[in-house]
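*Asks:* Quick one: structure below, then a few questions.
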Amino acid sequence: MSDCLIELGTEELPPKALLNLSQAFSEAVYNALSEAGLKPGQLQSFATPRRLAMLLRDVPLQQQDQSIEKRGPALQAAFDGDGNPTKAALGFARSCGVEVADLQHKETDKGTWLYYELMQKGRSLQALLPGIVSQALAGLPIPKRMRWGDRADEFVRPVHWLVMMLDDQVIEANILGTASGNQTSGHRFHAPQPLTVGNAADYENLLKTSAFVIADFEQRRAMIRKQVEDKAAELGGEVRIDADLLDEVTALVEWPQAISGRFDKEFLSVPSEALVTTMQDNQKYFAVFDGNGALLPYFITVSNIDSTKPELVSSGNERVIRPRFADAKFFWEQDQKINLSSRLQSLETVVFQQQLGTLADKVIRIRSLAGYMAEILGTDVSEAERAAELSKCDLMTDMVGEFPKLQGIMGKYYARHDGETDIVANAIEQHYWPRFAGDAVPTQAVGQFVALSDRIDTMVGIFAIGQKPSGVKDPFGLRRAALGIIRILIENELPIDIVNLCQKAAEGLSDKLDASAVVDEVVHYIYDRLQAYYQDQKIRYDVVEAVLACKPPVLTDLQNRVVAVDEFLGEEAAVALAAANKRISNILKKNEQVYGYQVDENLFELDAEKTLYRELERLEKIALGHFNGAEYLQGLEVLAGLRPQVDHFFDDVMVMVDDEKLRLNRLALLQKLANNFLRVADFSRIQ
């Protein structure tokens with residue numbers, strides 16, 4: 001076994017894709033070697049702006065020899081009556097590259113067959129690796145490849161060097177028009193000369209000590225985090241490190257050096273979100289805050305050079321950030337000269353979707369839905385309608401036009417400036433929540449109503465025009481919208497009927513098109529997303545399926561059922577009762593004529609059916625009281641007391657007897673039993 005080094009040197013790689021490219025490249029090579037019987041003992045990946053690399057430790061140098069056995073035609077089909085080989089035998093021998101006489105006969109439980117055994121010699125790692133690396137690079141998730149020079153080779157960026165080594169020996173290869181060798185490149189400015197790698201195992205340390213390159217992405221990321229945090233502490237503040245920004249900065253530098261800078265305090269009059277957005281998105285700076293979360297007039301940037309005059313680097317960054325902040329301050333001051341409500345009319349110039357109308361049309365529909373929810377839940381209708389009315393107005397401001405990520409956030413500030421209530425202002429911001437997986441849901445009722453209205457209106461409208469998500473295509477973000485609806489309803493315990501809400505949304509679209517036909521489809525789509533939601537909650541798939549089979553229209557009620565069933569299945573009687581329900585379901589599916597048939601106690605003949613009926617009559621009254629109060633676990637535990645009677649019934653009672661009255665009566669008893677469990681979930685679906 002030996003250590004194997006693979007490094008592809010390129011022009012600067014796209015920073016947001018670097019980590020994904022590195023992981024995909026390393027995994028593809030590792031998996032291919034493993035499938036070839038050359039599984040490495042350890043894999044270490046490296047990724048910098050100019051290289052994708054990996055060190056594979058303890059890699060076998062040679063595949064083991066393999067015995068390959070091929071089966072041909074049956075013996076009786078391989079030879080004719082005179083013992084001469086048939087076309088089948090001749091063809092099989094030819095495919096194996098031998099004569100018929102070289103083939104073997106093999107006895108099996110299905111007769112005698114022609115066989116050919118071949119000992120295939122294992123190939124060396126050096127012979128296999130170039131093809132494996134080429135295939136791995138070709139399969140990387142690169143949306144748009146580029147060419148360079150006069151060659152037909154394509155990659156995400158032009159390739160400049162290739163290192164492929166087995167310990168201290170070069171593996172001969174030519175990949176993407178580049179011959180392999182043992183020479184790498186260090187830092188573009190600190191160590192621009194080629195550097196020879198003496199041994200694969202020395203690669204990481206060599207780059208660090210001689211070439212000003214921290215090749216390990218995670219190590220470089222940890223260095224940046226510590227440097228930035230230390231710089232913030234020196235300034236008397238702290239940083240809130242955004243994970244995506246940290247990864248992007250890590251992908252931009254090979255030799256990180258954190259440097260602080262400052263800006264004029266006059267810019268602190270602008271909402272901090274606007275300043276932080278331009279720092280992070282445009283300049284890749286880290287903002288500095290005080291202990292109370294207020295923005296301080298400092299920033300921290302990460303340089304890719306160890307400058308002898310860091311103050312010059314700092315002043316250069318300060319000059320760059322000033323005009324951006326000046327623009328933000330200008331937008332902020334200009335936007336406040338016009339009330340949000342004055343921008344309503346301008347929404348008529350923005351098309352939401354050609355068939356569904358303008359943003360102004362959408363706001364009218366959102367307003368109606370939000371008011372409806374506020375009314376049925378006893379919340380101030382006027383504030384809900386006002387928040388919905390103003391919810392999209394900040395899209396017409398200069399600030400949001402420049403920084404789209406600030407939609408809703410700037411609306412909150414402008415609403416407060418205009419004298420709107422805090423409830424209305426906060427709802428304008430929160431109606432976009434949750435913006436991504438794991439994000440917070442709206443915390444106040446009005447914000448929840450507007451958030452739900454916006455998403456429901458979009459879903460019903462887009463389904464109605466026939467543009468629902470297909471495969472991976474989801475241009476209107478309906479999957480995210482559905483999960484947002486689910487989270488808002490469940491996590492805020494809103495007792496809103498999702499079917500009624502979708503029907504109300506369809507009515508709001510009646511002047512544009514008839515959306516009533518897609519209501520069931522939209523509801524079903526939302527129910528389908530519940531599996532993904534509960535998967536994140538570590539709830540069993542069959543538990544969710546069992547509850548969904550009952551189609552509870554209020555998702556808070558559905559949540560209570562899921563939690564109850566999940567907990568109930570941990571009890572001893574639950575497994576047996578689930579099995580009994582499955583058996584009952586199978587019987588009833590074949591005897592649909594029982595539906596609507598009432599149990600007649602006088603027709604019972606056996607003690608087992610009489611006992612089950614009487615105990616069911618007693619316990620279902622108690623269980624029903626719990627179910628009506630949404631105490632589903634307690635109700636199920638009451639029904640669990642039926643287990644002995646259910647077991648006794650199936651042991652002693654023949655359901656499908658010839659006597660029709662007797663048979664239907666017993667089926668009706670089973671239906672009555674199943675109906676009690678169906679008040680919570682279809683337990684026949686529990687695996």
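As shown in the structure tokens, the chain order sets the letters A, B, ...; within each chain, residues go from 1, and ligands are also counted from 1 in the order they appear.
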Which residues come within 9 Å of Val544 in chain A, counting only C-alpha atoms, excluding same-chain residues fewer than 4 positions away, as a list in words?
*Replies:*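 Using only C-alpha atoms, the neighbours found are Leu530, Gln531, Tyr534, Ile539, Arg540, Leu548, Ala549, Val562, Val565, Asp566 and Ala681 of chain A.
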*Asks:* List every residue of range 388-591 of chain A that DSSP, applied to the backbone of this structure, places in helix (DSSP H, G or I), and write the result as number ranges by chain.
*Replies:* A: 388-390, 393-396, 398-402, 404-406, 409-417, 422-430, 445-464, 478-491, 498-508, 516-536, 541-548, 555-568, 572-589
*Asks:* Name the residues in contact with range 398-415 of chain A at a cut-off of 7 Å, using only C-alpha atoms, excluding same-chain residues fewer than 4 positions from it; report them as a list in words.
*Replies:* Ala328, Phe331, Trp332, Asp335, Gln336, Leu340, Asp394, Gly419, Glu420, Ala425, Asn426, Ile428, Glu429 and Tyr432 of chain A
*Asks:* Restrict the selected residues to C-alpha atoms and save them as a JSON list (two decimals), in the first residue's frame.
*Replies:*
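Output (out.json):
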[["chain", "number", "residue", "atom", "x", "y", "z"],
["A", 328, "ALA", "CA", -27.39, 53.30, 0.78],
["A", 331, "PHE", "CA", -31.63, 55.60, -0.99],
["A", 332, "TRP", "CA", -32.73, 55.59, 2.65],
["A", 335, "ASP", "CA", -37.33, 56.60, 0.05],
["A", 336, "GLN", "CA", -38.62, 58.20, 3.24],
["A", 340, "LEU", "CA", -45.45, 53.36, 1.58],
["A", 394, "ASP", "CA", -41.26, 48.39, -0.40],
["A", 419, "GLY", "CA", -46.51, 56.19, 11.64],
["A", 420, "GLU", "CA", -47.94, 52.70, 11.07],
["A", 425, "ALA", "CA", -44.63, 47.23, 10.47],
["A", 426, "ASN", "CA", -43.40, 43.93, 11.91],
["A", 428, "ILE", "CA", -44.53, 43.53, 6.63],
["A", 429, "GLU", "CA", -41.12, 42.10, 7.48],
["A", 432, "TYR", "CA", -41.53, 36.70, 4.15]]
*Asks:* Neighbours of Pro49 in chain A within 6 Å (only C-alpha atoms; same-chain residues fewer than 5 positions away dropped), as a list of chain:residue names?
*Replies:*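 Neighbouring residues, sequence-local ones excluded: A:Glu12, A:Leu13, A:Ala251, A:Leu252.
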*Asks:* Near Lys121 in chain A, counting only C-alpha atoms, which residues have an atom at most 12 Å away, once you skip same-chain residues fewer than 3 positions from it, shown as a PyMOL selection string?
*Replies:* chain A and resi 62-68+118+124
*Asks:* In Å, how far is it from CA of Val159 in chain A to CA of Gly177 in chain A?
*Replies:*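 That distance, rounded to one decimal, is 8.2 Å.
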*Asks:* Between CA of Tyr116 in chain A and CA of Leu61 in chain A, what is the spacing in Å?
*Replies:*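 If I compute the distance from CA of Leu61 in chain A to CA of Tyr116 in chain A, I get 28.5 Å.
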*Asks:* Counting only C-alpha atoms, which of A:Arg583, A:Ser26, A:Arg57, A:Ala78 gets nearest to Gly139 in chain A?
*Replies:*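 Comparing A:Arg583, A:Ser26, A:Arg57, A:Ala78 against Gly139 in chain A, the winner is A:Ser26.
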